[in-house]
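Before any comments, here is the structure.
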Amino acid sequence: MPELPEVEVTRLSFADRITGARIASVNLGKALRWPLGCAPAQLVGQMVLGVRRRGKYLMLDLDRGLLLVHLGMSGSLSFAAELPAAGVHDHFELITSRGRLRLHDPRRFGAVVFAQGEESEVARKLLGRLGMEPLSEAFELPAFQRGLKARSASIKQVLLAGDVVVGVGNIYACEALFHAGIRPTVRASKLTRPRVAKLHAAVREVLARAVERGGSTLRDFSNANGDAGHFQLETMVYGRAGLPCKVCAGTVKSIRQGQRSSFFCHTCQRI
Ligand SMILES: [Zn+2]
């Protein structure tokens, strides 16, 4: 599933090229997770002023409103002057003066939603409850400490929940906990301040590195140019159950937490 790094990589792969483009027409396929929320004709003639990201939402700023794009479980965007004929899993397309932006989403958990502005009810509903943005200044250590102190669930599950810090998916949570030396099962509220400080730094570093590596392609992620990501090739613990730890040569373990697999090293993650 695309997580924050994959969404950021997607943004970087087409934001500059689409900025300044004028929308000529809109094609809708099958229903996505949420309806578009406006008549497609309302988008025609509008200019794309830029592309921002909040959590796992891409925000295309238009002259009059914005489009919120979520990739769901299996979505990916393509942006090019020409694209092959739309297939059965292509459910949204923006034809602009600079190319076609297309959402490919086999499982249809993704969405494209129009909002009048960031303060509109629909935007607030989607963006309002998101946690801190980990790659921004907003991700402050004291607030992270307070957020974790208040939670008795395991640190791994608190990271995944996204209400303290947003966008840290399974692979990145496992990796950040490894770098911070923290077991995924420890209660978030039990972590000491120095340990939370390590985790705060590790979350930033792991996500930034993942963006640098083009995200992770576990199944079929690719950016808007069709390029796959490579972060999955350099994980320390994720996907490495039964293999030797790259630091201590102990064996990487895998356990289930919630519905997800957690990978960790018994020796390197003692807290
Ligand atoms: Zn180890």
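Identifiers for the structure tokens are assigned positionally: chains receive A, B, ... in sequence, residues are indexed from 1 per chain, and ligands are indexed from 1 in the order shown.
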List the neighbours of Ala31 of chain A out to 12 Å using only C-alpha atoms; skip same-chain residues closer than 3 positions along the sequence, and give me the result as an MDAnalysis selection string. chainID A and resid 27:28 34:37 88:92 105:113
Those same residues, written as a PDB file, in the first residue's frame with N, CA and C atoms?
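Result written to part_13.pdb:
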```pdb
ATOM      1  N   ASN A  27     -12.158  12.470 -17.344  1.00  0.00           N
ATOM      2  CA  ASN A  27     -12.794  11.162 -17.587  1.00  0.00           C
ATOM      3  C   ASN A  27     -12.937  10.429 -16.262  1.00  0.00           C
ATOM      4  N   LEU A  28     -14.129   9.932 -16.012  1.00  0.00           N
ATOM      5  CA  LEU A  28     -14.355   9.138 -14.810  1.00  0.00           C
ATOM      6  C   LEU A  28     -14.581   7.686 -15.194  1.00  0.00           C
ATOM      7  N   TRP A  34     -14.667   7.413  -2.548  1.00  0.00           N
ATOM      8  CA  TRP A  34     -15.612   8.513  -2.319  1.00  0.00           C
ATOM      9  C   TRP A  34     -15.918   9.176  -3.659  1.00  0.00           C
ATOM     10  N   PRO A  35     -17.101   9.786  -3.787  1.00  0.00           N
ATOM     11  CA  PRO A  35     -17.423  10.463  -5.047  1.00  0.00           C
ATOM     12  C   PRO A  35     -16.589  11.741  -5.236  1.00  0.00           C
ATOM     13  N   LEU A  36     -16.503  12.189  -6.472  1.00  0.00           N
ATOM     14  CA  LEU A  36     -15.717  13.372  -6.813  1.00  0.00           C
ATOM     15  C   LEU A  36     -16.233  14.609  -6.068  1.00  0.00           C
ATOM     16  N   GLY A  37     -17.512  14.705  -5.914  1.00  0.00           N
ATOM     17  CA  GLY A  37     -18.055  15.823  -5.130  1.00  0.00           C
ATOM     18  C   GLY A  37     -18.306  17.088  -5.921  1.00  0.00           C
ATOM     19  N   VAL A  88      -9.288  -1.187 -17.688  1.00  0.00           N
ATOM     20  CA  VAL A  88     -10.413  -1.382 -16.773  1.00  0.00           C
ATOM     21  C   VAL A  88     -10.147  -0.860 -15.364  1.00  0.00           C
ATOM     22  N   HIS A  89      -8.862  -0.701 -15.005  1.00  0.00           N
ATOM     23  CA  HIS A  89      -8.549  -0.234 -13.658  1.00  0.00           C
ATOM     24  C   HIS A  89      -8.182   1.248 -13.603  1.00  0.00           C
ATOM     25  N   ASP A  90      -8.380   1.937 -14.702  1.00  0.00           N
ATOM     26  CA  ASP A  90      -8.096   3.383 -14.744  1.00  0.00           C
ATOM     27  C   ASP A  90      -9.400   4.122 -14.490  1.00  0.00           C
ATOM     28  N   HIS A  91      -9.507   4.764 -13.316  1.00  0.00           N
ATOM     29  CA  HIS A  91     -10.819   5.273 -12.910  1.00  0.00           C
ATOM     30  C   HIS A  91     -10.942   6.787 -12.839  1.00  0.00           C
ATOM     31  N   PHE A  92      -9.849   7.483 -13.119  1.00  0.00           N
ATOM     32  CA  PHE A  92      -9.945   8.941 -13.132  1.00  0.00           C
ATOM     33  C   PHE A  92      -8.853   9.461 -14.047  1.00  0.00           C
ATOM     34  N   ASP A 105      -6.160   2.177 -10.320  1.00  0.00           N
ATOM     35  CA  ASP A 105      -6.455   1.704  -8.959  1.00  0.00           C
ATOM     36  C   ASP A 105      -7.287   0.427  -8.990  1.00  0.00           C
ATOM     37  N   PRO A 106      -6.619  -0.732  -9.106  1.00  0.00           N
ATOM     38  CA  PRO A 106      -7.341  -2.012  -9.225  1.00  0.00           C
ATOM     39  C   PRO A 106      -8.317  -2.265  -8.082  1.00  0.00           C
ATOM     40  N   ARG A 107      -7.959  -1.901  -6.849  1.00  0.00           N
ATOM     41  CA  ARG A 107      -8.839  -2.230  -5.722  1.00  0.00           C
ATOM     42  C   ARG A 107      -9.848  -1.129  -5.408  1.00  0.00           C
ATOM     43  N   ARG A 108      -9.684   0.013  -6.000  1.00  0.00           N
ATOM     44  CA  ARG A 108     -10.617   1.141  -5.882  1.00  0.00           C
ATOM     45  C   ARG A 108     -10.847   1.618  -4.448  1.00  0.00           C
ATOM     46  N   PHE A 109      -9.777   1.568  -3.624  1.00  0.00           N
ATOM     47  CA  PHE A 109      -9.847   2.194  -2.303  1.00  0.00           C
ATOM     48  C   PHE A 109      -9.307   3.628  -2.379  1.00  0.00           C
ATOM     49  N   GLY A 110      -8.818   3.998  -3.520  1.00  0.00           N
ATOM     50  CA  GLY A 110      -8.329   5.361  -3.718  1.00  0.00           C
ATOM     51  C   GLY A 110      -9.487   6.312  -3.959  1.00  0.00           C
ATOM     52  N   ALA A 111      -9.175   7.594  -4.071  1.00  0.00           N
ATOM     53  CA  ALA A 111     -10.239   8.571  -4.297  1.00  0.00           C
ATOM     54  C   ALA A 111      -9.677   9.864  -4.868  1.00  0.00           C
ATOM     55  N   VAL A 112     -10.524  10.566  -5.607  1.00  0.00           N
ATOM     56  CA  VAL A 112     -10.247  11.936  -6.033  1.00  0.00           C
ATOM     57  C   VAL A 112     -11.462  12.748  -5.596  1.00  0.00           C
ATOM     58  N   VAL A 113     -11.221  13.726  -4.732  1.00  0.00           N
ATOM     59  CA  VAL A 113     -12.335  14.481  -4.139  1.00  0.00           C
ATOM     60  C   VAL A 113     -12.099  15.972  -4.334  1.00  0.00           C
TER      61      VAL A 113
END
```
Could you list the protein, DNA and RNA residues that have any atom within 9 Å of ligand 1, counting only C-alpha atoms and all ligand atoms, and write them as a list in words? Phe178, Met236, Val237, Pro244, Cys245, Lys246, Val247, Cys248, Ala249, Gly250, Thr251, Val252, Phe264, Cys265, His266, Thr267, Cys268 and Gln269 of chain A
Take the residues from that selection and write them out as an mmCIF file, in the first residue's frame, keeping C-alpha atoms.
```cif
data_model
loop_
_atom_site.group_PDB
_atom_site.id
_atom_site.type_symbol
_atom_site.label_atom_id
_atom_site.label_comp_id
_atom_site.auth_asym_id
_atom_site.auth_seq_id
_atom_site.Cartn_x
_atom_site.Cartn_y
_atom_site.Cartn_z
ATOM 1 C CA PHE A 178 15.032 -0.984 14.587
ATOM 2 C CA MET A 236 17.397 -3.790 8.069
ATOM 3 C CA VAL A 237 14.534 -5.960 9.377
ATOM 4 C CA PRO A 244 20.740 -12.707 9.994
ATOM 5 C CA CYS A 245 20.526 -9.188 11.444
ATOM 6 C CA LYS A 246 22.789 -6.883 9.448
ATOM 7 C CA VAL A 247 24.196 -5.411 12.667
ATOM 8 C CA CYS A 248 24.600 -8.265 15.188
ATOM 9 C CA ALA A 249 24.123 -11.389 13.008
ATOM 10 C CA GLY A 250 21.328 -12.613 15.311
ATOM 11 C CA THR A 251 18.175 -13.877 13.600
ATOM 12 C CA VAL A 252 15.476 -11.382 12.574
ATOM 13 C CA PHE A 264 12.646 -6.996 14.687
ATOM 14 C CA CYS A 265 15.970 -8.115 16.100
ATOM 15 C CA HIS A 266 15.910 -9.451 19.655
ATOM 16 C CA THR A 267 19.429 -8.256 20.354
ATOM 17 C CA CYS A 268 19.447 -4.826 18.726
ATOM 18 C CA GLN A 269 15.957 -3.924 19.941
#
```
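Shell of segment 142-152 of chain A at 7 Å, with only C-alpha atoms counted and residues fewer than 3 places along the chain excluded, is A:Val164, A:Arg187, A:Ala188, A:Ser189, A:Val196.
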Quick one: pick out all alpha helix (DSSP H) residues within segment 58-155 of chain A from a backbone DSSP run and write them as a PyMOL selection string. chain A and resi 121-127+141-149+155
Take the residues from that selection and put them in a file with N, CA, C and O atoms, as an mmCIF file, in the first residue's frame.
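What landed in selection_29.cif:
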```cif
data_model
loop_
_atom_site.group_PDB
_atom_site.id
_atom_site.type_symbol
_atom_site.label_atom_id
_atom_site.label_comp_id
_atom_site.auth_asym_id
_atom_site.auth_seq_id
_atom_site.Cartn_x
_atom_site.Cartn_y
_atom_site.Cartn_z
ATOM 1 N N GLU A 121 -15.811 21.851 4.459
ATOM 2 C CA GLU A 121 -16.187 20.722 5.301
ATOM 3 C C GLU A 121 -15.549 19.422 4.804
ATOM 4 O O GLU A 121 -15.024 18.632 5.582
ATOM 5 N N VAL A 122 -15.578 19.222 3.493
ATOM 6 C CA VAL A 122 -15.060 17.963 2.948
ATOM 7 C C VAL A 122 -13.550 17.847 3.189
ATOM 8 O O VAL A 122 -13.051 16.787 3.583
ATOM 9 N N ALA A 123 -12.815 18.945 3.019
ATOM 10 C CA ALA A 123 -11.365 18.904 3.240
ATOM 11 C C ALA A 123 -11.058 18.680 4.721
ATOM 12 O O ALA A 123 -10.166 17.913 5.078
ATOM 13 N N ARG A 124 -11.820 19.345 5.562
ATOM 14 C CA ARG A 124 -11.578 19.185 7.002
ATOM 15 C C ARG A 124 -11.856 17.763 7.464
ATOM 16 O O ARG A 124 -11.168 17.216 8.322
ATOM 17 N N LYS A 125 -12.881 17.169 6.848
ATOM 18 C CA LYS A 125 -13.237 15.792 7.202
ATOM 19 C C LYS A 125 -12.097 14.825 6.834
ATOM 20 O O LYS A 125 -11.781 13.904 7.584
ATOM 21 N N LEU A 126 -11.474 15.054 5.699
ATOM 22 C CA LEU A 126 -10.411 14.139 5.251
ATOM 23 C C LEU A 126 -9.057 14.454 5.893
ATOM 24 O O LEU A 126 -8.281 13.545 6.173
ATOM 25 N N LEU A 127 -8.764 15.723 6.110
ATOM 26 C CA LEU A 127 -7.426 16.110 6.556
ATOM 27 C C LEU A 127 -7.353 16.477 8.038
ATOM 28 O O LEU A 127 -6.275 16.515 8.617
ATOM 29 N N LEU A 141 9.608 17.281 18.733
ATOM 30 C CA LEU A 141 9.858 16.243 19.734
ATOM 31 C C LEU A 141 8.930 16.331 20.955
ATOM 32 O O LEU A 141 8.358 15.317 21.352
ATOM 33 N N PRO A 142 8.736 17.516 21.552
ATOM 34 C CA PRO A 142 7.853 17.560 22.739
ATOM 35 C C PRO A 142 6.434 17.073 22.429
ATOM 36 O O PRO A 142 5.833 16.360 23.237
ATOM 37 N N ALA A 143 5.919 17.437 21.265
ATOM 38 C CA ALA A 143 4.561 17.010 20.904
ATOM 39 C C ALA A 143 4.528 15.498 20.661
ATOM 40 O O ALA A 143 3.558 14.815 21.004
ATOM 41 N N PHE A 144 5.597 14.967 20.092
ATOM 42 C CA PHE A 144 5.694 13.517 19.859
ATOM 43 C C PHE A 144 5.717 12.799 21.211
ATOM 44 O O PHE A 144 5.026 11.810 21.426
ATOM 45 N N GLN A 145 6.508 13.351 22.149
ATOM 46 C CA GLN A 145 6.578 12.771 23.494
ATOM 47 C C GLN A 145 5.211 12.770 24.168
ATOM 48 O O GLN A 145 4.780 11.760 24.722
ATOM 49 N N ARG A 146 4.515 13.901 24.082
ATOM 50 C CA ARG A 146 3.182 13.988 24.705
ATOM 51 C C ARG A 146 2.226 12.994 24.055
ATOM 52 O O ARG A 146 1.455 12.315 24.728
ATOM 53 N N GLY A 147 2.303 12.895 22.732
ATOM 54 C CA GLY A 147 1.415 11.992 22.004
ATOM 55 C C GLY A 147 1.615 10.536 22.409
ATOM 56 O O GLY A 147 0.652 9.791 22.603
ATOM 57 N N LEU A 148 2.878 10.146 22.577
ATOM 58 C CA LEU A 148 3.165 8.749 22.936
ATOM 59 C C LEU A 148 2.833 8.475 24.400
ATOM 60 O O LEU A 148 2.363 7.395 24.743
ATOM 61 N N LYS A 149 3.068 9.459 25.257
ATOM 62 C CA LYS A 149 2.786 9.320 26.691
ATOM 63 C C LYS A 149 1.317 8.965 26.938
ATOM 64 O O LYS A 149 0.968 8.252 27.870
ATOM 65 N N ILE A 155 3.934 0.551 20.728
ATOM 66 C CA ILE A 155 4.506 1.654 19.942
ATOM 67 C C ILE A 155 4.308 1.422 18.442
ATOM 68 O O ILE A 155 4.022 2.341 17.687
#
```
Residues near Arg64 of chain A, anyone? I mean within 10 Å using only C-alpha atoms, not counting same-chain ones fewer than 4 positions away, as number ranges by chain. A: 42-43, 46-48, 115-117
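Atom CA of Val69 of chain A sits 19.4 Å away from atom CA of Leu83 of chain A.
Using only C-alpha atoms, the nearest neighbour of Glu234 of chain A within the list A:Tyr172, A:Gly181, A:Arg260, A:Glu118 is A:Tyr172.
Across the structure, atom CA of Ala176 of chain A and atom CA of Glu205 of chain A are spaced 8.0 Å apart.
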Could you pull out all residues of segment 63-188 of chain A with a DSSP call of strand (DSSP E or B) and give them as an MDAnalysis selection string? chainID A and resid 65:70 76:80 90:96 99:104 111:115 132 154 165 187
List the neighbours of Thr217 of chain A out to 12 Å using only C-alpha atoms; skip same-chain residues closer than 5 positions along the sequence, and give me the result as a list in words. Met1, Pro2, Glu3, Pro5, Glu6, Val9, Ser74, Ser76, Ile171, Ala210, Val211, Ser222, Asn223, Gly226, Asp227, Ala228, Gly229, His230, Phe231, Gln232, Leu233 and Glu234 of chain A
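Rounded to one decimal, atom CA of Ala81 of chain A and atom CA of Ala39 of chain A lie 24.4 Å from each other.
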Report as a ChimeraX atom specification all protein, DNA and RNA residues lying within 6 Å of Phe79 of chain A, evaluated on only C-alpha atoms, omitting residues in the same chain fewer than 5 positions from it. /A:100-101,224
Generate a file of the selected residues that holds C-alpha atoms, formatted as a compact mmCIF listing (two decimals), in the first residue's frame.
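again_36.txt, freshly written:
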```
# COMPACT_ATOMS: atom_id res chain seq x y z
CA ARG A 100 -2.81 13.39 -18.92
CA LEU A 101 -2.92 12.63 -15.22
CA ALA A 224 3.99 9.17 -12.19
```
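The smallest atom-to-atom distance between Glu82 of chain A and any of A:Leu199, A:Ile95, A:Leu49, A:Val166, using only C-alpha atoms, is found for A:Ile95.
The closest residue to Tyr57 of chain A, picked from A:Arg256, A:Arg270, A:His70, A:Lys190 and counting only C-alpha atoms, is A:His70.
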